[in-house]
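A.B. asks: A single structure is presented below for examination.
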Amino acid sequence: MWLRYGVDANNVLVDIEDVPSGKTQLICPYCGGQLTAKKGRIKQHHFAHTDKSCQFMVVSKNRELPTLPLYDDFSIRLSGEELEKLKVLWREYGVKKCSIPHFAVPKQFIWHGLLQMVESSTLEYQFTRLGQIPVAALPLELFNYVQEPLLLEKLFNLKQKAELASNSSLFFPERLIDYKIYCAQYQKILRQTLYYLQIKADGDTLHKIGVTQRSIEQRLVEIQRDLKQHFKSITIEVLGTWQHRGNVEKYFKYRYKNFNYKIGSLTEYYKFNSEDAAAVFRDLEQMKLKVLSEIEAGLLTSKPNKLEQFIISPRLNNDTIK
């Protein structure tokens, strides 16, 4: 359970990706303790408490922090062994579009919604759209169809819990904070524009995926600057941009990780042959323009990252934390 948001002096949530590593002036949204940004190369970037541990986290260690569904984790909470078994089933049956015999299907894959019974049979199974995500087989457009309802469903559930907490005689401040943190994450991906670039660098053809909340022109200046440290001749062509599609970037990286091409510390570049490059671009092009729902439009026009009175005072005693 990693804490990805701290709170600044104006009570505004700040993402771990927006601060440098080390001690910060940010505080924990749950207990008010000072935070240190942990941004190593192995573990997921997160905030840790600078001094003593967060009593809320200790009491609530079995409670899940609010994260966007299918945004950081595409293994659907499978263990490493389970994920390998699912990949074997995909290679032996899914790729060939063959039905899977019932004796080869672990029950947990059915419980997780990764496999479903073939309509015309009671003894054979097939991959669901959700089941194709851990094996990186689901196209980007269909990934959106799976993820977007889950994003809204979780928003609704957290909002309900926050409203109940507000109207309850008991004090459940963590539910209010959970909702605000989730809104901030959701707002962030909606504000981002996904971009895809083709880059000619000293005779090599590379591609880059990324997201930005600024203009693509501003982002290109930074990319040029980064690449000049590694190449002499650089030309960049913008192949496409997709507004409000910040949710797709990490799944793209997961889906095409075998083509990842690191340039020093730069990790968002890919090297494809001409056939693969065309297939990847088709995958992106097939995504329809994002049409904001009324709820999503409301998130963009509001300030859900402002925690205001929902910050827990560090002076609260343990009896207050539920």
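In the structure tokens, chains take letters A, B, ... by order of appearance, with residues numbered from 1 within each chain and ligands from 1 in the order shown.
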Determine, using only C-alpha atoms, which residues of segment 33-113 of chain A have any atom at most 12 Å from an atom of segment 13-26 of chain A, and tabulate each with its shortest atom pair and distance in Å to one decimal place, rows ordered by chain and then rising number, as a tab-separated table.
C.D. replies:
```
residue	atom	partner	partner_atom	distance
A:Gly33	CA	A:Leu26	CA	8.4
A:Gln34	CA	A:Leu26	CA	6.0
A:Leu35	CA	A:Leu26	CA	5.7
A:Thr36	CA	A:Lys23	CA	4.2
A:Ala37	CA	A:Ser21	CA	4.9
A:Lys38	CA	A:Ser21	CA	5.8
A:Lys39	CA	A:Ser21	CA	5.5
A:Gly40	CA	A:Ser21	CA	8.3
A:Arg41	CA	A:Ser21	CA	11.6
A:Gln44	CA	A:Ile16	CA	10.1
A:His45	CA	A:Ile16	CA	6.7
A:His46	CA	A:Ile16	CA	6.0
A:Phe47	CA	A:Ile16	CA	6.8
A:Ala48	CA	A:Lys23	CA	9.4
A:His49	CA	A:Lys23	CA	9.3
A:Thr50	CA	A:Lys23	CA	7.1
A:Asp51	CA	A:Lys23	CA	10.5
```
A.B. asks: Take the residues from that selection and write them out as an mmCIF file, in the first residue's frame, keeping N, CA, C and O atoms.
C.D. replies:
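Ended up saving to result_4.cif:
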```cif
data_model
loop_
_atom_site.group_PDB
_atom_site.id
_atom_site.type_symbol
_atom_site.label_atom_id
_atom_site.label_comp_id
_atom_site.auth_asym_id
_atom_site.auth_seq_id
_atom_site.Cartn_x
_atom_site.Cartn_y
_atom_site.Cartn_z
ATOM 1 N N GLY A 33 1.587 14.160 9.143
ATOM 2 C CA GLY A 33 3.031 14.030 9.353
ATOM 3 C C GLY A 33 3.837 14.447 8.134
ATOM 4 O O GLY A 33 3.339 14.393 7.009
ATOM 5 N N GLN A 34 5.082 14.861 8.357
ATOM 6 C CA GLN A 34 5.967 15.265 7.250
ATOM 7 C C GLN A 34 6.321 14.066 6.376
ATOM 8 O O GLN A 34 6.426 12.936 6.861
ATOM 9 N N LEU A 35 6.518 14.332 5.076
ATOM 10 C CA LEU A 35 6.753 13.256 4.118
ATOM 11 C C LEU A 35 8.104 13.365 3.429
ATOM 12 O O LEU A 35 8.608 14.461 3.180
ATOM 13 N N THR A 36 8.669 12.200 3.098
ATOM 14 C CA THR A 36 9.876 12.093 2.294
ATOM 15 C C THR A 36 9.530 11.351 1.011
ATOM 16 O O THR A 36 8.860 10.311 1.056
ATOM 17 N N ALA A 37 9.967 11.893 -0.138
ATOM 18 C CA ALA A 37 9.693 11.260 -1.434
ATOM 19 C C ALA A 37 10.716 10.164 -1.697
ATOM 20 O O ALA A 37 11.920 10.420 -1.707
ATOM 21 N N LYS A 38 10.232 8.946 -1.913
ATOM 22 C CA LYS A 38 11.083 7.802 -2.227
ATOM 23 C C LYS A 38 10.936 7.505 -3.718
ATOM 24 O O LYS A 38 9.894 7.040 -4.168
ATOM 25 N N LYS A 39 12.004 7.779 -4.481
ATOM 26 C CA LYS A 39 11.924 7.624 -5.930
ATOM 27 C C LYS A 39 13.131 6.841 -6.437
ATOM 28 O O LYS A 39 13.991 7.358 -7.146
ATOM 29 N N GLY A 40 13.191 5.571 -6.063
ATOM 30 C CA GLY A 40 14.273 4.705 -6.502
ATOM 31 C C GLY A 40 13.951 4.039 -7.828
ATOM 32 O O GLY A 40 12.969 4.362 -8.485
ATOM 33 N N ARG A 41 14.771 3.062 -8.217
ATOM 34 C CA ARG A 41 14.611 2.399 -9.510
ATOM 35 C C ARG A 41 13.919 1.043 -9.408
ATOM 36 O O ARG A 41 13.618 0.427 -10.420
ATOM 37 N N GLN A 44 8.001 1.064 -6.594
ATOM 38 C CA GLN A 44 7.155 2.133 -7.125
ATOM 39 C C GLN A 44 7.412 3.413 -6.343
ATOM 40 O O GLN A 44 7.590 3.387 -5.133
ATOM 41 N N HIS A 45 7.456 4.562 -7.035
ATOM 42 C CA HIS A 45 7.655 5.844 -6.361
ATOM 43 C C HIS A 45 6.534 6.070 -5.355
ATOM 44 O O HIS A 45 5.361 5.839 -5.650
ATOM 45 N N HIS A 46 6.915 6.551 -4.155
ATOM 46 C CA HIS A 46 5.899 6.747 -3.119
ATOM 47 C C HIS A 46 6.425 7.696 -2.046
ATOM 48 O O HIS A 46 7.620 8.006 -1.994
ATOM 49 N N PHE A 47 5.528 8.146 -1.185
ATOM 50 C CA PHE A 47 5.904 8.953 -0.029
ATOM 51 C C PHE A 47 6.023 8.058 1.195
ATOM 52 O O PHE A 47 5.219 7.141 1.399
ATOM 53 N N ALA A 48 7.041 8.350 2.009
ATOM 54 C CA ALA A 48 7.189 7.702 3.311
ATOM 55 C C ALA A 48 7.173 8.790 4.369
ATOM 56 O O ALA A 48 7.489 9.959 4.088
ATOM 57 N N HIS A 49 6.811 8.430 5.571
ATOM 58 C CA HIS A 49 6.797 9.418 6.652
ATOM 59 C C HIS A 49 8.216 9.707 7.110
ATOM 60 O O HIS A 49 9.018 8.787 7.310
ATOM 61 N N THR A 50 8.538 10.975 7.241
ATOM 62 C CA THR A 50 9.905 11.389 7.558
ATOM 63 C C THR A 50 10.304 10.942 8.951
ATOM 64 O O THR A 50 11.437 10.486 9.176
ATOM 65 N N ASP A 51 9.416 11.090 9.904
ATOM 66 C CA ASP A 51 9.741 10.742 11.291
ATOM 67 C C ASP A 51 9.052 9.444 11.684
ATOM 68 O O ASP A 51 9.353 8.396 11.157
#
```
A.B. asks: Show which residues sit within 12 Å of Lys262 of chain A, as a VMD selection string. Count only C-alpha atoms, and ignore same-chain residues fewer than 5 positions away.
C.D. replies: chain A and resid 206 to 208 227 230 257 267 to 271
A.B. asks: I'd like to know which of A:Ile76, A:Val118, A:Ala297, A:Val280 is closest to Arg255 of chain A, using only C-alpha atoms.
C.D. replies: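 Counting only C-alpha atoms, the residue closest to Arg255 of chain A is A:Val280.
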A.B. asks: Name all residues at most 12 Å from Ser215 of chain A (count only C-alpha atoms; drop same-chain ones fewer than 5 positions away) and give them as a list of chain:residue names.
C.D. replies: A:Arg191, A:Gln192, A:Thr193, A:Leu194, A:Tyr195, A:Leu220, A:Val221, A:Glu222, A:Thr241, A:Gln243
A.B. asks: I need the residues in segment 117-263 of chain A that are strand (DSSP E) according to DSSP; give them as an mmCIF file with all heavy atoms, in the first residue's frame.
C.D. replies:
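Written output follows (states.cif):
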```
data_model
loop_
_atom_site.group_PDB
_atom_site.id
_atom_site.type_symbol
_atom_site.label_atom_id
_atom_site.label_comp_id
_atom_site.auth_asym_id
_atom_site.auth_seq_id
_atom_site.Cartn_x
_atom_site.Cartn_y
_atom_site.Cartn_z
ATOM 1 N N MET A 117 -17.225 -19.163 -19.771
ATOM 2 C CA MET A 117 -17.670 -20.353 -20.482
ATOM 3 C C MET A 117 -18.064 -19.989 -21.916
ATOM 4 O O MET A 117 -18.688 -18.952 -22.156
ATOM 5 C CB MET A 117 -18.859 -20.971 -19.747
ATOM 6 C CG MET A 117 -19.198 -22.381 -20.180
ATOM 7 S SD MET A 117 -20.511 -23.069 -19.136
ATOM 8 C CE MET A 117 -19.608 -23.284 -17.590
ATOM 9 N N GLU A 124 -16.129 -25.870 -22.010
ATOM 10 C CA GLU A 124 -15.031 -25.134 -22.635
ATOM 11 C C GLU A 124 -15.098 -23.658 -22.239
ATOM 12 O O GLU A 124 -16.181 -23.115 -22.014
ATOM 13 C CB GLU A 124 -15.091 -25.272 -24.164
ATOM 14 C CG GLU A 124 -14.857 -26.696 -24.642
ATOM 15 C CD GLU A 124 -14.977 -26.803 -26.155
ATOM 16 O OE1 GLU A 124 -15.944 -26.230 -26.711
ATOM 17 O OE2 GLU A 124 -14.125 -27.441 -26.768
ATOM 18 N N TYR A 125 -13.924 -23.049 -22.198
ATOM 19 C CA TYR A 125 -13.816 -21.656 -21.761
ATOM 20 C C TYR A 125 -13.016 -20.838 -22.771
ATOM 21 O O TYR A 125 -12.294 -21.387 -23.612
ATOM 22 C CB TYR A 125 -13.147 -21.580 -20.381
ATOM 23 C CG TYR A 125 -14.031 -22.088 -19.265
ATOM 24 C CD1 TYR A 125 -14.161 -23.457 -19.020
ATOM 25 C CD2 TYR A 125 -14.756 -21.206 -18.471
ATOM 26 C CE1 TYR A 125 -14.994 -23.925 -18.012
ATOM 27 C CE2 TYR A 125 -15.582 -21.666 -17.452
ATOM 28 C CZ TYR A 125 -15.697 -23.017 -17.228
ATOM 29 O OH TYR A 125 -16.515 -23.478 -16.236
ATOM 30 N N GLN A 126 -13.176 -19.517 -22.668
ATOM 31 C CA GLN A 126 -12.430 -18.600 -23.523
ATOM 32 C C GLN A 126 -12.035 -17.371 -22.716
ATOM 33 O O GLN A 126 -12.594 -17.098 -21.655
ATOM 34 C CB GLN A 126 -13.280 -18.183 -24.726
ATOM 35 C CG GLN A 126 -14.562 -17.445 -24.344
ATOM 36 C CD GLN A 126 -15.484 -17.224 -25.520
ATOM 37 O OE1 GLN A 126 -15.203 -17.673 -26.629
ATOM 38 N NE2 GLN A 126 -16.594 -16.536 -25.291
ATOM 39 N N PHE A 127 -11.057 -16.613 -23.230
ATOM 40 C CA PHE A 127 -10.594 -15.395 -22.560
ATOM 41 C C PHE A 127 -11.644 -14.290 -22.675
ATOM 42 O O PHE A 127 -12.245 -14.097 -23.732
ATOM 43 C CB PHE A 127 -9.287 -14.910 -23.182
ATOM 44 C CG PHE A 127 -8.062 -15.560 -22.622
ATOM 45 C CD1 PHE A 127 -7.704 -16.846 -23.011
ATOM 46 C CD2 PHE A 127 -7.259 -14.901 -21.695
ATOM 47 C CE1 PHE A 127 -6.574 -17.453 -22.491
ATOM 48 C CE2 PHE A 127 -6.128 -15.505 -21.176
ATOM 49 C CZ PHE A 127 -5.785 -16.786 -21.568
ATOM 50 N N THR A 193 -3.024 14.827 -22.372
ATOM 51 C CA THR A 193 -3.131 14.463 -23.777
ATOM 52 C C THR A 193 -2.061 13.430 -24.090
ATOM 53 O O THR A 193 -0.882 13.636 -23.799
ATOM 54 C CB THR A 193 -2.942 15.694 -24.681
ATOM 55 O OG1 THR A 193 -4.028 16.609 -24.469
ATOM 56 C CG2 THR A 193 -2.906 15.301 -26.152
ATOM 57 N N LEU A 194 -2.483 12.308 -24.641
ATOM 58 C CA LEU A 194 -1.550 11.275 -25.066
ATOM 59 C C LEU A 194 -0.950 11.691 -26.409
ATOM 60 O O LEU A 194 -1.665 12.166 -27.284
ATOM 61 C CB LEU A 194 -2.289 9.947 -25.220
ATOM 62 C CG LEU A 194 -1.456 8.728 -25.612
ATOM 63 C CD1 LEU A 194 -0.676 8.199 -24.416
ATOM 64 C CD2 LEU A 194 -2.361 7.624 -26.180
ATOM 65 N N TYR A 195 0.358 11.515 -26.562
ATOM 66 C CA TYR A 195 0.986 11.822 -27.853
ATOM 67 C C TYR A 195 1.874 10.662 -28.292
ATOM 68 O O TYR A 195 2.386 9.901 -27.472
ATOM 69 C CB TYR A 195 1.797 13.125 -27.789
ATOM 70 C CG TYR A 195 2.951 13.110 -26.803
ATOM 71 C CD1 TYR A 195 4.188 12.550 -27.139
ATOM 72 C CD2 TYR A 195 2.808 13.670 -25.533
ATOM 73 C CE1 TYR A 195 5.238 12.544 -26.232
ATOM 74 C CE2 TYR A 195 3.860 13.661 -24.620
ATOM 75 C CZ TYR A 195 5.067 13.104 -24.983
ATOM 76 O OH TYR A 195 6.103 13.084 -24.081
ATOM 77 N N TYR A 196 2.042 10.557 -29.603
ATOM 78 C CA TYR A 196 2.868 9.490 -30.183
ATOM 79 C C TYR A 196 3.740 10.105 -31.263
ATOM 80 O O TYR A 196 3.235 10.791 -32.163
ATOM 81 C CB TYR A 196 1.978 8.398 -30.760
ATOM 82 C CG TYR A 196 2.712 7.161 -31.210
ATOM 83 C CD1 TYR A 196 3.504 6.430 -30.329
ATOM 84 C CD2 TYR A 196 2.600 6.697 -32.527
ATOM 85 C CE1 TYR A 196 4.166 5.281 -30.736
ATOM 86 C CE2 TYR A 196 3.248 5.545 -32.939
ATOM 87 C CZ TYR A 196 4.032 4.843 -32.042
ATOM 88 O OH TYR A 196 4.687 3.701 -32.440
ATOM 89 N N LEU A 197 5.035 9.873 -31.159
ATOM 90 C CA LEU A 197 6.006 10.529 -32.031
ATOM 91 C C LEU A 197 6.838 9.517 -32.810
ATOM 92 O O LEU A 197 7.113 8.421 -32.324
ATOM 93 C CB LEU A 197 6.967 11.396 -31.201
ATOM 94 C CG LEU A 197 6.371 12.348 -30.164
ATOM 95 C CD1 LEU A 197 7.487 13.037 -29.391
ATOM 96 C CD2 LEU A 197 5.451 13.368 -30.821
ATOM 97 N N GLN A 198 7.254 9.936 -34.000
ATOM 98 C CA GLN A 198 8.278 9.205 -34.752
ATOM 99 C C GLN A 198 9.518 10.076 -34.783
ATOM 100 O O GLN A 198 9.447 11.264 -35.105
ATOM 101 C CB GLN A 198 7.819 8.902 -36.174
ATOM 102 C CG GLN A 198 8.871 8.169 -37.004
ATOM 103 C CD GLN A 198 8.358 7.767 -38.357
ATOM 104 O OE1 GLN A 198 7.701 6.754 -38.513
ATOM 105 N NE2 GLN A 198 8.648 8.580 -39.366
ATOM 106 N N ILE A 199 10.654 9.479 -34.461
ATOM 107 C CA ILE A 199 11.888 10.249 -34.312
ATOM 108 C C ILE A 199 12.973 9.651 -35.193
ATOM 109 O O ILE A 199 13.234 8.435 -35.143
ATOM 110 C CB ILE A 199 12.356 10.248 -32.837
ATOM 111 C CG1 ILE A 199 11.282 10.900 -31.964
ATOM 112 C CG2 ILE A 199 13.695 10.958 -32.687
ATOM 113 C CD1 ILE A 199 11.421 10.605 -30.496
ATOM 114 N N LYS A 200 13.591 10.483 -36.013
ATOM 115 C CA LYS A 200 14.770 10.097 -36.787
ATOM 116 C C LYS A 200 15.983 10.637 -36.035
ATOM 117 O O LYS A 200 16.136 11.848 -35.866
ATOM 118 C CB LYS A 200 14.708 10.692 -38.186
ATOM 119 C CG LYS A 200 13.478 10.310 -38.998
ATOM 120 C CD LYS A 200 13.553 8.895 -39.516
ATOM 121 C CE LYS A 200 12.394 8.594 -40.461
ATOM 122 N NZ LYS A 200 12.452 7.212 -40.992
ATOM 123 N N ALA A 201 16.835 9.717 -35.576
ATOM 124 C CA ALA A 201 17.986 10.115 -34.767
ATOM 125 C C ALA A 201 19.240 9.422 -35.287
ATOM 126 O O ALA A 201 19.397 8.204 -35.125
ATOM 127 C CB ALA A 201 17.749 9.753 -33.302
ATOM 128 N N ASP A 204 18.640 6.259 -37.198
ATOM 129 C CA ASP A 204 17.719 5.301 -36.585
ATOM 130 C C ASP A 204 16.301 5.872 -36.548
ATOM 131 O O ASP A 204 16.126 7.090 -36.419
ATOM 132 C CB ASP A 204 18.141 4.982 -35.157
ATOM 133 C CG ASP A 204 19.137 3.832 -35.088
ATOM 134 O OD1 ASP A 204 19.267 3.110 -36.103
ATOM 135 O OD2 ASP A 204 19.788 3.667 -34.053
ATOM 136 N N THR A 205 15.310 4.991 -36.643
ATOM 137 C CA THR A 205 13.917 5.405 -36.489
ATOM 138 C C THR A 205 13.405 4.878 -35.155
ATOM 139 O O THR A 205 13.411 3.669 -34.905
ATOM 140 C CB THR A 205 13.040 4.856 -37.619
ATOM 141 O OG1 THR A 205 13.509 5.374 -38.871
ATOM 142 C CG2 THR A 205 11.589 5.269 -37.428
ATOM 143 N N LEU A 206 12.983 5.791 -34.299
ATOM 144 C CA LEU A 206 12.458 5.455 -32.990
ATOM 145 C C LEU A 206 11.044 6.012 -32.852
ATOM 146 O O LEU A 206 10.633 6.876 -33.630
ATOM 147 C CB LEU A 206 13.347 6.043 -31.888
ATOM 148 C CG LEU A 206 14.834 5.692 -31.929
ATOM 149 C CD1 LEU A 206 15.593 6.481 -30.862
ATOM 150 C CD2 LEU A 206 15.028 4.198 -31.725
ATOM 151 N N HIS A 207 10.324 5.515 -31.858
ATOM 152 C CA HIS A 207 9.006 6.042 -31.545
ATOM 153 C C HIS A 207 8.933 6.345 -30.057
ATOM 154 O O HIS A 207 9.641 5.739 -29.255
ATOM 155 C CB HIS A 207 7.909 5.047 -31.940
ATOM 156 C CG HIS A 207 7.765 4.889 -33.415
ATOM 157 N ND1 HIS A 207 8.581 4.050 -34.159
ATOM 158 C CD2 HIS A 207 6.911 5.471 -34.307
ATOM 159 C CE1 HIS A 207 8.240 4.126 -35.432
ATOM 160 N NE2 HIS A 207 7.226 4.975 -35.544
ATOM 161 N N LYS A 208 8.087 7.283 -29.710
ATOM 162 C CA LYS A 208 7.939 7.671 -28.310
ATOM 163 C C LYS A 208 6.468 7.849 -27.964
ATOM 164 O O LYS A 208 5.709 8.439 -28.730
ATOM 165 C CB LYS A 208 8.682 8.990 -28.035
ATOM 166 C CG LYS A 208 8.447 9.533 -26.625
ATOM 167 C CD LYS A 208 9.296 10.752 -26.325
ATOM 168 C CE LYS A 208 8.861 11.420 -25.025
ATOM 169 N NZ LYS A 208 8.851 10.487 -23.877
ATOM 170 N N ILE A 209 6.105 7.344 -26.786
ATOM 171 C CA ILE A 209 4.771 7.552 -26.243
ATOM 172 C C ILE A 209 4.908 8.462 -25.023
ATOM 173 O O ILE A 209 5.931 8.442 -24.336
ATOM 174 C CB ILE A 209 4.113 6.210 -25.844
ATOM 175 C CG1 ILE A 209 2.608 6.372 -25.625
ATOM 176 C CG2 ILE A 209 4.776 5.598 -24.623
ATOM 177 C CD1 ILE A 209 1.808 6.464 -26.880
ATOM 178 N N GLY A 210 3.906 9.267 -24.759
ATOM 179 C CA GLY A 210 3.963 10.119 -23.575
ATOM 180 C C GLY A 210 2.657 10.858 -23.366
ATOM 181 O O GLY A 210 1.740 10.778 -24.190
ATOM 182 N N VAL A 211 2.572 11.566 -22.244
ATOM 183 C CA VAL A 211 1.401 12.389 -21.946
ATOM 184 C C VAL A 211 1.875 13.768 -21.505
ATOM 185 O O VAL A 211 2.976 13.921 -20.972
ATOM 186 C CB VAL A 211 0.518 11.768 -20.838
ATOM 187 C CG1 VAL A 211 -0.135 10.491 -21.330
ATOM 188 C CG2 VAL A 211 1.316 11.514 -19.567
ATOM 189 N N THR A 212 1.032 14.756 -21.723
ATOM 190 C CA THR A 212 1.354 16.115 -21.302
ATOM 191 C C THR A 212 0.076 16.873 -20.990
ATOM 192 O O THR A 212 -0.971 16.613 -21.591
ATOM 193 C CB THR A 212 2.163 16.857 -22.386
ATOM 194 O OG1 THR A 212 2.498 18.166 -21.916
ATOM 195 C CG2 THR A 212 1.373 16.981 -23.681
ATOM 196 N N ILE A 234 18.506 15.134 -35.237
ATOM 197 C CA ILE A 234 17.207 14.731 -34.699
ATOM 198 C C ILE A 234 16.079 15.432 -35.456
ATOM 199 O O ILE A 234 16.093 16.655 -35.602
ATOM 200 C CB ILE A 234 17.088 15.103 -33.209
ATOM 201 C CG1 ILE A 234 18.225 14.494 -32.395
ATOM 202 C CG2 ILE A 234 15.744 14.648 -32.642
ATOM 203 C CD1 ILE A 234 18.422 15.161 -31.064
ATOM 204 N N THR A 235 15.130 14.640 -35.953
ATOM 205 C CA THR A 235 13.888 15.215 -36.482
ATOM 206 C C THR A 235 12.718 14.470 -35.830
ATOM 207 O O THR A 235 12.758 13.248 -35.674
ATOM 208 C CB THR A 235 13.789 15.079 -38.013
ATOM 209 O OG1 THR A 235 13.873 13.697 -38.372
ATOM 210 C CG2 THR A 235 14.917 15.852 -38.686
ATOM 211 N N ILE A 236 11.693 15.229 -35.470
ATOM 212 C CA ILE A 236 10.552 14.649 -34.755
ATOM 213 C C ILE A 236 9.268 14.928 -35.517
ATOM 214 O O ILE A 236 8.998 16.064 -35.908
ATOM 215 C CB ILE A 236 10.435 15.229 -33.334
ATOM 216 C CG1 ILE A 236 11.717 14.967 -32.536
ATOM 217 C CG2 ILE A 236 9.235 14.632 -32.606
ATOM 218 C CD1 ILE A 236 11.705 15.572 -31.149
ATOM 219 N N GLU A 237 8.478 13.880 -35.710
ATOM 220 C CA GLU A 237 7.165 14.015 -36.356
ATOM 221 C C GLU A 237 6.087 13.565 -35.377
ATOM 222 O O GLU A 237 6.182 12.486 -34.794
ATOM 223 C CB GLU A 237 7.105 13.155 -37.614
ATOM 224 C CG GLU A 237 5.770 13.234 -38.331
ATOM 225 C CD GLU A 237 5.691 12.315 -39.537
ATOM 226 O OE1 GLU A 237 6.689 11.641 -39.848
ATOM 227 O OE2 GLU A 237 4.602 12.242 -40.144
ATOM 228 N N VAL A 238 5.082 14.387 -35.197
ATOM 229 C CA VAL A 238 3.953 14.023 -34.332
ATOM 230 C C VAL A 238 2.989 13.176 -35.151
ATOM 231 O O VAL A 238 2.360 13.648 -36.087
ATOM 232 C CB VAL A 238 3.239 15.288 -33.801
ATOM 233 C CG1 VAL A 238 2.067 14.875 -32.912
ATOM 234 C CG2 VAL A 238 4.197 16.183 -33.035
ATOM 235 N N LEU A 239 2.879 11.899 -34.786
ATOM 236 C CA LEU A 239 1.998 10.994 -35.519
ATOM 237 C C LEU A 239 0.554 11.083 -35.048
ATOM 238 O O LEU A 239 -0.372 10.771 -35.801
ATOM 239 C CB LEU A 239 2.495 9.555 -35.388
ATOM 240 C CG LEU A 239 3.873 9.255 -35.989
ATOM 241 C CD1 LEU A 239 4.209 7.779 -35.816
ATOM 242 C CD2 LEU A 239 3.934 9.649 -37.458
ATOM 243 N N GLY A 240 0.366 11.492 -33.797
ATOM 244 C CA GLY A 240 -0.996 11.605 -33.306
ATOM 245 C C GLY A 240 -1.057 12.121 -31.885
ATOM 246 O O GLY A 240 -0.102 11.965 -31.110
ATOM 247 N N THR A 241 -2.174 12.766 -31.548
ATOM 248 C CA THR A 241 -2.453 13.192 -30.175
ATOM 249 C C THR A 241 -3.889 12.820 -29.847
ATOM 250 O O THR A 241 -4.770 12.849 -30.722
ATOM 251 C CB THR A 241 -2.264 14.713 -29.986
ATOM 252 O OG1 THR A 241 -3.150 15.421 -30.869
ATOM 253 C CG2 THR A 241 -0.828 15.131 -30.265
ATOM 254 N N TRP A 242 -4.120 12.455 -28.580
ATOM 255 C CA TRP A 242 -5.441 12.024 -28.139
ATOM 256 C C TRP A 242 -5.751 12.713 -26.812
ATOM 257 O O TRP A 242 -5.180 12.370 -25.770
ATOM 258 C CB TRP A 242 -5.481 10.505 -27.978
ATOM 259 C CG TRP A 242 -5.287 9.771 -29.271
ATOM 260 C CD1 TRP A 242 -6.263 9.310 -30.100
ATOM 261 C CD2 TRP A 242 -4.044 9.428 -29.894
ATOM 262 N NE1 TRP A 242 -5.711 8.696 -31.199
ATOM 263 C CE2 TRP A 242 -4.346 8.753 -31.093
ATOM 264 C CE3 TRP A 242 -2.694 9.623 -29.544
ATOM 265 C CZ2 TRP A 242 -3.352 8.275 -31.941
ATOM 266 C CZ3 TRP A 242 -1.707 9.151 -30.389
ATOM 267 C CH2 TRP A 242 -2.036 8.482 -31.570
ATOM 268 N N GLN A 243 -6.652 13.671 -26.860
ATOM 269 C CA GLN A 243 -6.991 14.452 -25.666
ATOM 270 C C GLN A 243 -7.755 13.598 -24.655
ATOM 271 O O GLN A 243 -8.548 12.735 -25.017
ATOM 272 C CB GLN A 243 -7.827 15.672 -26.072
ATOM 273 C CG GLN A 243 -7.947 16.729 -24.994
ATOM 274 C CD GLN A 243 -8.688 17.962 -25.488
ATOM 275 O OE1 GLN A 243 -9.350 17.931 -26.511
ATOM 276 N NE2 GLN A 243 -8.568 19.044 -24.748
#
```
A.B. asks: I need the residue nearest Ile189 of chain A from this list: A:Ser121, A:Gln286, A:Gln160, A:Asn247. Use only C-alpha atoms for the distance.
C.D. replies: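 Distance minimum relative to Ile189 of chain A lands on A:Asn247.
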A.B. asks: Select from segment 35-160 of chain A everything DSSP, run on the backbone, classes as alpha helix (DSSP H), then give the selection as a PyMOL selection string.
C.D. replies: chain A and resi 55-59+80-89+107-111+129-132+140-160
A.B. asks: Here is a test: counting only C-alpha atoms, which residue of A:Leu114, A:Gln185, A:Ala279, A:Gly264 is nearest to Lys228 of chain A?
C.D. replies: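 Residue with the minimum atom-to-atom distance to Lys228 of chain A: A:Gly264.
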A.B. asks: Between A:Ala184, A:Pro69, A:Ser53, A:Glu275, single out the one closest to Pro149 of chain A, counting only C-alpha atoms.
C.D. replies: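 Looking only at the distances to Pro149 of chain A, the closest residue turns out to be A:Pro69.
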